[in-house]
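What follows is start30.pdb (PDB, C-alpha atoms).
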ATOM      1  CA  MET B 551      25.703  52.810 -63.671
ATOM      2  CA  ARG B 552      22.928  51.297 -61.623
ATOM      3  CA  LEU B 553      23.991  48.826 -58.973
ATOM      4  CA  THR B 554      21.580  46.031 -58.280
ATOM      5  CA  PRO B 555      21.752  44.818 -54.657
ATOM      6  CA  PRO B 556      22.265  41.134 -54.292
ATOM      7  CA  GLU B 557      19.202  39.123 -53.537
ATOM      8  CA  VAL B 558      18.721  38.428 -49.876
ATOM      9  CA  SER B 559      17.008  35.237 -48.871
ATOM     10  CA  LEU B 560      14.290  35.921 -46.313
ATOM     11  CA  THR B 561      13.972  32.294 -45.332
ATOM     12  CA  ARG B 562      16.138  30.811 -42.661
ATOM     13  CA  SER B 563      17.408  27.318 -42.793
ATOM     14  CA  VAL B 564      15.550  25.267 -40.193
ATOM     15  CA  PRO B 565      17.513  22.303 -38.926
ATOM     16  CA  GLU B 566      15.696  19.093 -39.530
ATOM     17  CA  VAL B 567      14.859  17.095 -36.453
ATOM     18  CA  SER B 568      14.704  13.417 -37.113
ATOM     19  CA  GLU B 569      11.707  11.421 -35.983
ATOM     20  CA  ALA B 570      14.024   9.110 -34.066
ATOM     21  CA  SER B 571      15.484  12.061 -32.128
ATOM     22  CA  MET B 572      12.026  13.336 -31.185
ATOM     23  CA  SER B 573      10.986   9.856 -30.067
ATOM     24  CA  ARG B 574      14.124   9.597 -27.955
ATOM     25  CA  GLU B 575      13.368  12.926 -26.266
ATOM     26  CA  LEU B 576       9.804  11.859 -25.535
ATOM     27  CA  LEU B 577      11.017   8.579 -24.051
ATOM     28  CA  ASP B 578      13.606  10.382 -21.925
ATOM     29  CA  GLU B 579      10.939  12.780 -20.645
ATOM     30  CA  LYS B 580       8.611   9.878 -19.874
ATOM     31  CA  ASP B 581      11.389   7.981 -18.098
ATOM     32  CA  SER B 582      12.183  11.049 -15.990
ATOM     33  CA  SER B 583       8.521  11.364 -15.023
ATOM     34  CA  MET B 584       8.313   7.669 -14.103
ATOM     35  CA  ARG B 585      11.450   7.953 -11.970
ATOM     36  CA  ARG B 586       9.872  10.844 -10.052
ATOM     37  CA  ILE B 587       6.716   8.804  -9.497
ATOM     38  CA  ALA B 588       8.849   5.847  -8.362
ATOM     39  CA  ARG B 589      10.728   7.972  -5.819
ATOM     40  CA  ILE B 590       7.500   9.503  -4.485
ATOM     41  CA  THR B 591       5.952   6.033  -4.214
ATOM     42  CA  GLY B 592       8.961   4.700  -2.307
ATOM     43  CA  GLY B 593       8.939   7.684   0.071
ATOM     44  CA  ILE B 594       5.225   7.397   0.836
ATOM     45  CA  TYR B 595       5.647   3.630   1.237
ATOM     46  CA  LEU B 596       8.240   4.159   3.980
ATOM     47  CA  LEU B 597       5.957   6.662   5.718
ATOM     48  CA  TYR B 598       3.195   4.064   5.566
ATOM     49  CA  PHE B 599       5.440   1.501   7.288
ATOM     50  CA  ILE B 600       6.343   3.990  10.011
ATOM     51  CA  ALA B 601       2.688   4.940  10.601
ATOM     52  CA  GLY B 602       1.718   1.266  10.856
ATOM     53  CA  MET B 603       4.336   0.315  13.464
ATOM     54  CA  PRO B 604       2.305   1.404  16.550
ATOM     55  CA  LEU B 605      -0.093  -1.426  15.684
ATOM     56  CA  ILE B 606       2.454  -3.727  17.346
ATOM     57  CA  LEU B 607       2.195  -1.721  20.577
ATOM     58  CA  ARG B 608      -1.598  -1.990  20.600
ATOM     59  CA  SER B 609      -1.382  -5.756  20.097
ATOM     60  CA  SER B 610       0.482  -6.016  23.399
ATOM     61  CA  LEU B 611      -2.589  -4.616  25.179
ATOM     62  CA  ILE B 612      -4.930  -7.333  23.942
ATOM     63  CA  VAL B 613      -5.404 -10.624  25.799
ATOM     64  CA  PRO B 614      -7.755 -12.570  23.482
ATOM     65  CA  THR B 615      -8.995 -14.935  26.203
ATOM     66  CA  ASP B 616      -9.278 -12.469  29.100
ATOM     67  CA  ALA B 617     -11.694  -9.551  28.829
ATOM     68  CA  ALA B 618     -10.847  -8.177  32.280
ATOM     69  CA  ALA B 619      -7.095  -8.161  31.627
ATOM     70  CA  THR B 620      -7.619  -6.506  28.250
ATOM     71  CA  ALA B 621      -9.828  -3.828  29.803
ATOM     72  CA  ALA B 622      -7.265  -3.150  32.542
ATOM     73  CA  ARG B 623      -4.431  -2.774  30.017
ATOM     74  CA  ILE B 624      -6.432  -0.429  27.797
ATOM     75  CA  ALA B 625      -7.419   1.697  30.806
ATOM     76  CA  ALA B 626      -3.801   1.849  31.966
ATOM     77  CA  SER B 627      -2.546   2.820  28.473
ATOM     78  CA  GLU B 628      -5.495   4.818  27.178
ATOM     79  CA  THR B 629      -3.363   7.476  25.482
ATOM     80  CA  LEU B 630      -1.328   4.832  23.645
ATOM     81  CA  TYR B 631      -4.484   3.015  22.590
ATOM     82  CA  ARG B 632      -6.027   6.229  21.240
ATOM     83  CA  ALA B 633      -2.792   7.163  19.447
ATOM     84  CA  THR B 634      -2.679   3.826  17.639
ATOM     85  CA  ILE B 635      -6.157   4.432  16.238
ATOM     86  CA  VAL B 636      -4.958   7.718  14.762
ATOM     87  CA  THR B 637      -1.755   6.216  13.333
ATOM     88  CA  ASP B 638      -3.787   3.372  11.798
ATOM     89  CA  LEU B 639      -6.001   5.875   9.995
ATOM     90  CA  VAL B 640      -2.937   7.806   8.819
ATOM     91  CA  SER B 641      -1.365   4.620   7.445
ATOM     92  CA  TYR B 642      -4.536   3.691   5.533
ATOM     93  CA  SER B 643      -4.757   7.208   4.107
ATOM     94  CA  LEU B 644      -1.165   6.907   2.882
ATOM     95  CA  TYR B 645      -1.954   3.546   1.301
ATOM     96  CA  LEU B 646      -4.860   5.076  -0.594
ATOM     97  CA  GLY B 647      -2.293   7.443  -2.094
ATOM     98  CA  LEU B 648      -0.116   4.438  -2.919
ATOM     99  CA  ALA B 649      -3.056   2.836  -4.735
ATOM    100  CA  TYR B 650      -3.069   5.732  -7.201
ATOM    101  CA  LEU B 651       0.721   5.760  -7.559
ATOM    102  CA  PHE B 652       0.793   1.999  -8.205
ATOM    103  CA  TYR B 653      -1.707   2.578 -10.994
ATOM    104  CA  LEU B 654       0.485   5.260 -12.547
ATOM    105  CA  LEU B 655       3.509   2.946 -12.444
ATOM    106  CA  LEU B 656       1.713  -0.092 -13.865
ATOM    107  CA  ARG B 657      -0.791   1.292 -16.362
ATOM    108  CA  ASN B 658       1.782   1.045 -19.183
ATOM    109  CA  VAL B 659       1.929  -2.716 -18.631
ATOM    110  CA  SER B 660      -1.826  -3.276 -18.647
ATOM    111  CA  ARG B 661      -4.265  -0.484 -17.925
ATOM    112  CA  PRO B 662      -7.266  -2.775 -17.212
ATOM    113  CA  TRP B 663      -5.332  -5.024 -14.806
ATOM    114  CA  ALA B 664      -3.642  -2.065 -13.115
ATOM    115  CA  LEU B 665      -7.096  -0.544 -12.568
ATOM    116  CA  MET B 666      -8.406  -3.857 -11.219
ATOM    117  CA  GLY B 667      -5.520  -4.102  -8.740
ATOM    118  CA  THR B 668      -6.113  -0.511  -7.673
ATOM    119  CA  LEU B 669      -9.785  -1.203  -6.994
ATOM    120  CA  PHE B 670      -8.875  -4.120  -4.711
ATOM    121  CA  THR B 671      -6.374  -1.860  -2.926
ATOM    122  CA  ILE B 672      -9.024   0.797  -2.341
ATOM    123  CA  ALA B 673     -11.526  -1.836  -1.178
ATOM    124  CA  GLY B 674      -8.982  -3.181   1.330
ATOM    125  CA  CYS B 675      -8.342   0.305   2.700
ATOM    126  CA  ILE B 676     -12.061   0.982   3.089
ATOM    127  CA  VAL B 677     -12.547  -2.294   5.000
ATOM    128  CA  LEU B 678      -9.666  -1.481   7.359
ATOM    129  CA  ILE B 679     -10.868   2.082   7.934
ATOM    130  CA  MET B 680     -14.329   0.773   8.829
ATOM    131  CA  ALA B 681     -12.759  -1.916  11.025
ATOM    132  CA  THR B 682     -10.814   0.752  12.916
ATOM    133  CA  ALA B 683     -14.135   2.313  13.919
ATOM    134  CA  ALA B 684     -14.768  -0.815  16.024
ATOM    135  CA  LEU B 685     -11.666   0.013  18.085
ATOM    136  CA  THR B 686     -13.410   3.094  19.457
ATOM    137  CA  ALA B 687     -16.100   0.927  21.142
ATOM    138  CA  PRO B 688     -13.831  -0.231  24.018
ATOM    139  CA  LEU B 689     -13.055   3.413  24.812
ATOM    140  CA  ALA B 690     -16.761   4.226  25.018
ATOM    141  CA  LEU B 691     -17.459   1.147  27.145
ATOM    142  CA  LEU B 692     -14.481   1.345  29.498
ATOM    143  CA  THR B 693     -14.001   5.097  29.981
ATOM    144  CA  GLY B 694     -16.455   7.782  31.033
ATOM    145  CA  ASN B 695     -19.925   7.260  32.475
ATOM    146  CA  ALA B 696     -21.987   6.637  29.346
ATOM    147  CA  PHE B 697     -22.460   2.921  29.966
ATOM    148  CA  ASN B 698     -22.355   2.721  33.767
ATOM    149  CA  GLY B 699     -25.817   1.164  33.678
ATOM    150  CA  ILE B 700     -24.198  -2.003  32.325
ATOM    151  CA  GLY B 701     -22.193  -4.144  34.732
ATOM    152  CA  THR B 702     -18.417  -4.014  34.562
ATOM    153  CA  PRO B 703     -17.943  -7.653  33.438
ATOM    154  CA  GLU B 704     -20.483  -7.150  30.650
ATOM    155  CA  ARG B 705     -18.804  -3.939  29.471
ATOM    156  CA  GLU B 706     -15.421  -5.654  29.479
ATOM    157  CA  ALA B 707     -16.830  -8.567  27.478
ATOM    158  CA  LEU B 708     -18.406  -6.199  24.944
ATOM    159  CA  ALA B 709     -15.114  -4.313  24.629
ATOM    160  CA  LEU B 710     -13.235  -7.525  23.845
ATOM    161  CA  LEU B 711     -15.977  -8.508  21.374
ATOM    162  CA  ALA B 712     -15.479  -5.204  19.531
ATOM    163  CA  ILE B 713     -11.745  -5.882  19.308
ATOM    164  CA  LYS B 714     -12.414  -9.381  17.936
ATOM    165  CA  ILE B 715     -14.770  -7.923  15.315
ATOM    166  CA  TYR B 716     -11.948  -5.574  14.339
ATOM    167  CA  THR B 717      -9.574  -8.539  14.036
ATOM    168  CA  GLN B 718     -11.940 -10.467  11.761
ATOM    169  CA  SER B 719     -12.485  -7.382   9.614
ATOM    170  CA  PHE B 720      -8.722  -6.881   9.431
ATOM    171  CA  ILE B 721      -8.346 -10.418   8.071
ATOM    172  CA  ILE B 722     -10.933  -9.661   5.371
ATOM    173  CA  GLY B 723      -8.913  -6.568   4.477
ATOM    174  CA  LEU B 724      -5.779  -8.725   4.185
ATOM    175  CA  LEU B 725      -7.655 -10.994   1.769
ATOM    176  CA  LEU B 726      -8.357  -8.009  -0.473
ATOM    177  CA  PHE B 727      -4.743  -6.837  -0.279
ATOM    178  CA  GLY B 728      -3.646 -10.371  -1.123
ATOM    179  CA  VAL B 729      -5.725 -10.273  -4.306
ATOM    180  CA  GLN B 730      -4.189  -6.873  -5.041
ATOM    181  CA  TRP B 731      -0.688  -8.403  -5.031
ATOM    182  CA  LEU B 732      -1.836 -11.421  -7.035
ATOM    183  CA  ILE B 733      -2.649  -8.857  -9.728
ATOM    184  CA  MET B 734       0.099  -6.275  -9.216
ATOM    185  CA  GLY B 735       2.910  -8.741  -8.527
ATOM    186  CA  PRO B 736       2.903 -10.075 -12.111
ATOM    187  CA  LEU B 737       2.487  -6.512 -13.432
ATOM    188  CA  PHE B 738       5.628  -5.387 -11.580
ATOM    189  CA  LEU B 739       7.329  -8.540 -12.879
ATOM    190  CA  LEU B 740       6.560  -7.543 -16.475
ATOM    191  CA  SER B 741       7.105  -3.813 -16.041
ATOM    192  CA  GLY B 742      10.901  -3.673 -15.858
ATOM    193  CA  ILE B 743      10.503  -1.102 -13.082
ATOM    194  CA  VAL B 744      11.897  -3.449 -10.434
ATOM    195  CA  PRO B 745      14.102  -6.561 -10.577
ATOM    196  CA  ARG B 746      12.156  -9.673 -11.495
ATOM    197  CA  VAL B 747      12.870 -11.220  -8.088
ATOM    198  CA  ILE B 748      10.802  -8.470  -6.436
ATOM    199  CA  GLY B 749       7.926  -9.198  -8.810
ATOM    200  CA  TYR B 750       8.092 -12.870  -7.836
ATOM    201  CA  LEU B 751       8.225 -11.929  -4.132
ATOM    202  CA  LEU B 752       5.168  -9.676  -4.462
ATOM    203  CA  THR B 753       3.230 -12.447  -6.205
ATOM    204  CA  ALA B 754       4.282 -14.943  -3.517
ATOM    205  CA  GLY B 755       3.172 -12.412  -0.910
ATOM    206  CA  GLY B 756      -0.240 -12.222  -2.575
ATOM    207  CA  VAL B 757      -0.582 -16.002  -2.449
ATOM    208  CA  ALA B 758       0.523 -15.986   1.192
ATOM    209  CA  TRP B 759      -1.916 -13.258   2.295
ATOM    210  CA  VAL B 760      -4.886 -14.846   0.512
ATOM    211  CA  SER B 761      -4.043 -18.291   1.937
ATOM    212  CA  PHE B 762      -3.622 -16.856   5.433
ATOM    213  CA  ALA B 763      -6.916 -14.958   5.306
ATOM    214  CA  ILE B 764      -8.898 -17.957   4.057
ATOM    215  CA  ALA B 765      -7.263 -20.265   6.617
ATOM    216  CA  SER B 766      -7.907 -17.779   9.433
ATOM    217  CA  LEU B 767     -11.591 -17.531   8.529
ATOM    218  CA  LEU B 768     -12.123 -21.276   8.016
ATOM    219  CA  ALA B 769      -9.675 -22.791  10.519
ATOM    220  CA  PRO B 770      -8.271 -20.157  12.924
ATOM    221  CA  PRO B 771      -5.598 -22.455  14.456
ATOM    222  CA  VAL B 772      -4.165 -23.092  10.976
ATOM    223  CA  GLY B 773      -4.139 -19.380  10.225
ATOM    224  CA  LEU B 774      -2.398 -18.682  13.513
ATOM    225  CA  ALA B 775       0.286 -21.250  12.674
ATOM    226  CA  MET B 776       0.786 -19.682   9.224
ATOM    227  CA  GLN B 777       1.055 -16.114  10.516
ATOM    228  CA  PRO B 778       4.856 -15.872  11.112
ATOM    229  CA  VAL B 779       5.723 -17.256   7.673
ATOM    230  CA  VAL B 780       3.109 -15.154   5.868
ATOM    231  CA  LEU B 781       4.155 -12.000   7.718
ATOM    232  CA  GLY B 782       7.788 -12.644   6.811
ATOM    233  CA  ILE B 783       7.099 -13.151   3.094
ATOM    234  CA  GLY B 784       4.670 -10.231   2.810
ATOM    235  CA  SER B 785       6.867  -7.811   4.740
ATOM    236  CA  LEU B 786      10.019  -8.755   2.807
ATOM    237  CA  ALA B 787       8.274  -8.272  -0.533
ATOM    238  CA  GLU B 788       6.809  -4.850   0.278
ATOM    239  CA  ILE B 789       9.929  -3.501   2.004
ATOM    240  CA  ALA B 790      12.037  -4.606  -0.979
ATOM    241  CA  LEU B 791       9.607  -2.851  -3.339
ATOM    242  CA  ALA B 792       9.610   0.354  -1.280
ATOM    243  CA  LEU B 793      13.410   0.535  -1.046
ATOM    244  CA  TRP B 794      13.936  -0.210  -4.734
ATOM    245  CA  LEU B 795      11.424   2.426  -5.835
ATOM    246  CA  LEU B 796      13.021   5.006  -3.544
ATOM    247  CA  LEU B 797      16.683   4.223  -4.264
ATOM    248  CA  GLY B 798      16.446   2.734  -7.742
ATOM    249  CA  GLY B 799      14.065   5.456  -8.843
ATOM    250  CA  ALA B 800      16.422   8.129  -7.535
ATOM    251  CA  SER B 801      19.365   6.746  -9.490
ATOM    252  CA  GLY B 802      17.361   6.337 -12.647
ATOM    253  CA  ARG B 803      17.954   2.600 -12.862
ATOM    254  CA  SER B 804      14.450   1.443 -12.081
ATOM    255  CA  VAL B 805      12.501   2.565 -15.137
ATOM    256  CA  PRO B 806      14.114   1.470 -18.373
ATOM    257  CA  ALA B 807      12.671   2.627 -21.686
ATOM    258  CA  ALA B 808      11.660  -0.956 -22.395
ATOM    259  CA  ALA B 809       9.041  -0.646 -19.673
ATOM    260  CA  HIS B 810       6.830   1.563 -21.836
ATOM    261  CA  THR B 811       4.950  -1.211 -23.548
ATOM    262  CA  THR B 812       1.248  -1.645 -23.005
ATOM    263  CA  TYR B 813      -0.324  -5.072 -22.848
ATOM    264  CA  ASP B 814      -4.066  -4.530 -22.992
TER     265      ASP B 814
END
Please render this file's structure as structure tokens.
Amino acid sequence: MRLTPPEVSLTRSVPEVSEASMSRELLDEKDSSMRRIARITGGIYLLYFIAGMPLILRSSLIVPTDAAATAARIAASETLYRATIVTDLVSYSLYLGLAYLFYLLLRNVSRPWALMGTLFTIAGCIVLIMATAALTAPLALLTGNAFNGIGTPEREALALLAIKIYTQSFIIGLLLFGVQWLIMGPLFLLSGIVPRVIGYLLTAGGVAWVSFAIASLLAPPVGLAMQPVVLGIGSLAEIALALWLLLGGASGRSVPAAAHTTYD
């Protein structure tokens, strides 16, 4: 008697993956990527703050109304003065990196506005980098023998003039950064990446920086009076953002799935 082997199915049963499950996995992967970007942004932000701190030390060398005193202080602390130029350039380089990271974090809210904010950030960095070049003029005028043909009082006056040009350029850079936060503050507010209060603080900081820059250019005494308040608001907003991105991003709380909505 002939035995017929049972039929063997050559097809395996492939488990069906629901569309909802695949969407959930994609969202989880995107959230994980955004959290990494948030942590990197927060870390670079803190490095930027550290690199910018020597600016305070350089400010102590400048006497705005006394060229001779300023020259004497720079000559006595030449190494410190030179070091602050380097740390300034490092801080601006870090902020250029932040410009790109901000764009990555905010493009899901509105790609055009995130790009616009990034362009203002880059423009501000370029202005400050060019302004920093003016800080090298006092070194050329006050050290070495290159300009010994010019009298000492004249060289000291030119050195202070270069520092004042730097200061005015710095204010223009702050205006551009203020516009940046007028754009990015509302984007962070809508993003869900940070608490809404930080978004409001960033927007208020943008208003403060723009107001301070305009006042300083039009009515310097008014700008000088505004400086402590503006510095307090702007610093609080950016430090809060940096810490939340670093700590909130690390714990996974800062980038909810609801943030992945694009408003173009």
Can you pull out every residue within 7 Å of Ala588 in chain B, counting all atoms listed in the file, but drop anything in the same chain fewer than 4 positions away, and send it as an mmCIF file with C-alpha atoms, keeping the file's coordinate frame?
data_model
loop_
_atom_site.group_PDB
_atom_site.id
_atom_site.type_symbol
_atom_site.label_atom_id
_atom_site.label_comp_id
_atom_site.auth_asym_id
_atom_site.auth_seq_id
_atom_site.Cartn_x
_atom_site.Cartn_y
_atom_site.Cartn_z
ATOM 1 C CA MET B 584 8.313 7.669 -14.103
ATOM 2 C CA GLY B 592 8.961 4.700 -2.307
ATOM 3 C CA LEU B 795 11.424 2.426 -5.835
ATOM 4 C CA LEU B 796 13.021 5.006 -3.544
ATOM 5 C CA GLY B 799 14.065 5.456 -8.843
#
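Using only C-alpha atoms for every distance, the candidate list B:Gly798, B:Pro736, B:Gly694, B:Gly756 yields B:Gly694 as the residue closest to Ala625 in chain B.
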Given all atoms listed in the file as the basis, pick out the residue of B:Val779, B:Ala763, B:Ala619, B:Ala787 nearest to Gly749 in chain B.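 Closest to Gly749 in chain B of all the choices is B:Ala787.
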Fill in: Answer key for the PyMOL selection byres ((chain B and resi 722) around 9), residues as JSON, numbers by chain
{"B": [674, 677, 678, 717, 718, 719, 720, 721, 723, 724, 725, 726, 727, 763, 764, 767]}
Same residues, C-alpha atoms, saved as an mmCIF file, in the coordinates of the input:
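Ended up saving to part.cif:
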data_model
loop_
_atom_site.group_PDB
_atom_site.id
_atom_site.type_symbol
_atom_site.label_atom_id
_atom_site.label_comp_id
_atom_site.auth_asym_id
_atom_site.auth_seq_id
_atom_site.Cartn_x
_atom_site.Cartn_y
_atom_site.Cartn_z
ATOM 1 C CA GLY B 674 -8.982 -3.181 1.330
ATOM 2 C CA VAL B 677 -12.547 -2.294 5.000
ATOM 3 C CA LEU B 678 -9.666 -1.481 7.359
ATOM 4 C CA THR B 717 -9.574 -8.539 14.036
ATOM 5 C CA GLN B 718 -11.940 -10.467 11.761
ATOM 6 C CA SER B 719 -12.485 -7.382 9.614
ATOM 7 C CA PHE B 720 -8.722 -6.881 9.431
ATOM 8 C CA ILE B 721 -8.346 -10.418 8.071
ATOM 9 C CA GLY B 723 -8.913 -6.568 4.477
ATOM 10 C CA LEU B 724 -5.779 -8.725 4.185
ATOM 11 C CA LEU B 725 -7.655 -10.994 1.769
ATOM 12 C CA LEU B 726 -8.357 -8.009 -0.473
ATOM 13 C CA PHE B 727 -4.743 -6.837 -0.279
ATOM 14 C CA ALA B 763 -6.916 -14.958 5.306
ATOM 15 C CA ILE B 764 -8.898 -17.957 4.057
ATOM 16 C CA LEU B 767 -11.591 -17.531 8.529
#
| field | Expected selection from the PyMOL selection byres ((chain B and resi 684) around 8), given as number ranges by chain | value | B: 680-683, 685-687, 712-713, 715-716
Selection in question (the file shown): the PyMOL selection byres ((chain B and resi 792) around 8). Which residues does it include, as a list in words?
Thr591, Gly592, Gly593, Tyr595, Leu596, Glu788, Ile789, Ala790, Leu791, Leu793, Trp794, Leu795 and Leu796 of chain B
Computed gap from CA of Phe652 in chain B to CA of Ile587 in chain B is 9.1 Å
Next on the checklist: Counting all atoms listed in the file, I want the residues whose atoms come within 10 Å of (5.4, -14.4, -6.0) in the file frame, returned as number ranges by chain.
Outcome noted: B: 731-732, 735-736, 739, 746-758, 783-784, 787
A straight line from CA of Pro688 in chain B to CA of Val640 in chain B spans 20.4 Å
Pairwise distance, CA of Phe670 in chain B with CA of Arg585 in chain B, equals 24.7 Å
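Among the candidate residues B:Arg661, B:Arg632, B:Arg705, B:Lys714, the one lying nearest to Pro604 in chain B is B:Arg632, with distances computed using all atoms listed in the file.
The closest residue to Val613 in chain B, picked from B:Val780, B:Leu597, B:Ala709, B:Leu648 and counting only C-alpha atoms, is B:Ala709.
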(message) Residues near Leu692 in chain B, anyone? I mean within 10 Å using all atoms listed in the file, not counting same-chain ones fewer than 3 positions away, as a PyMOL selection string.
(response) chain B and resi 621-622+624-625+628+687-689+695-698+702+705-706+708-709
Practice problem: Give as a PyMOL selection string each residue that has an atom at most 12 Å from (2.4, 1.8, -12.8) in the file, counting only C-alpha atoms. | Solution: chain B and resi 583-585+587-588+591+648-665+667-668+734-744+795+805+809-812
As JSON, please: the centre and edge lengths in Å, to one decimal, of an axis-aligned box enclosing every listed atom of range 590-601 of chain B with 3 Å added on each side.
{"center_x": 5.8, "center_y": 5.5, "center_z": 3.1, "size_x": 12.3, "size_y": 14.0, "size_z": 21.1}
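With all atoms listed in the file as the atoms that count, the minimum distance from Ile672 in chain B to the choices B:Val729, B:Met776, B:Leu630, B:Ala690 is reached by B:Val729.
When only C-alpha atoms are used to compute distances to Gly602 in chain B, the closest of the residues B:Ser643, B:Thr693, B:Gln730, B:Ser761 turns out to be B:Ser643.
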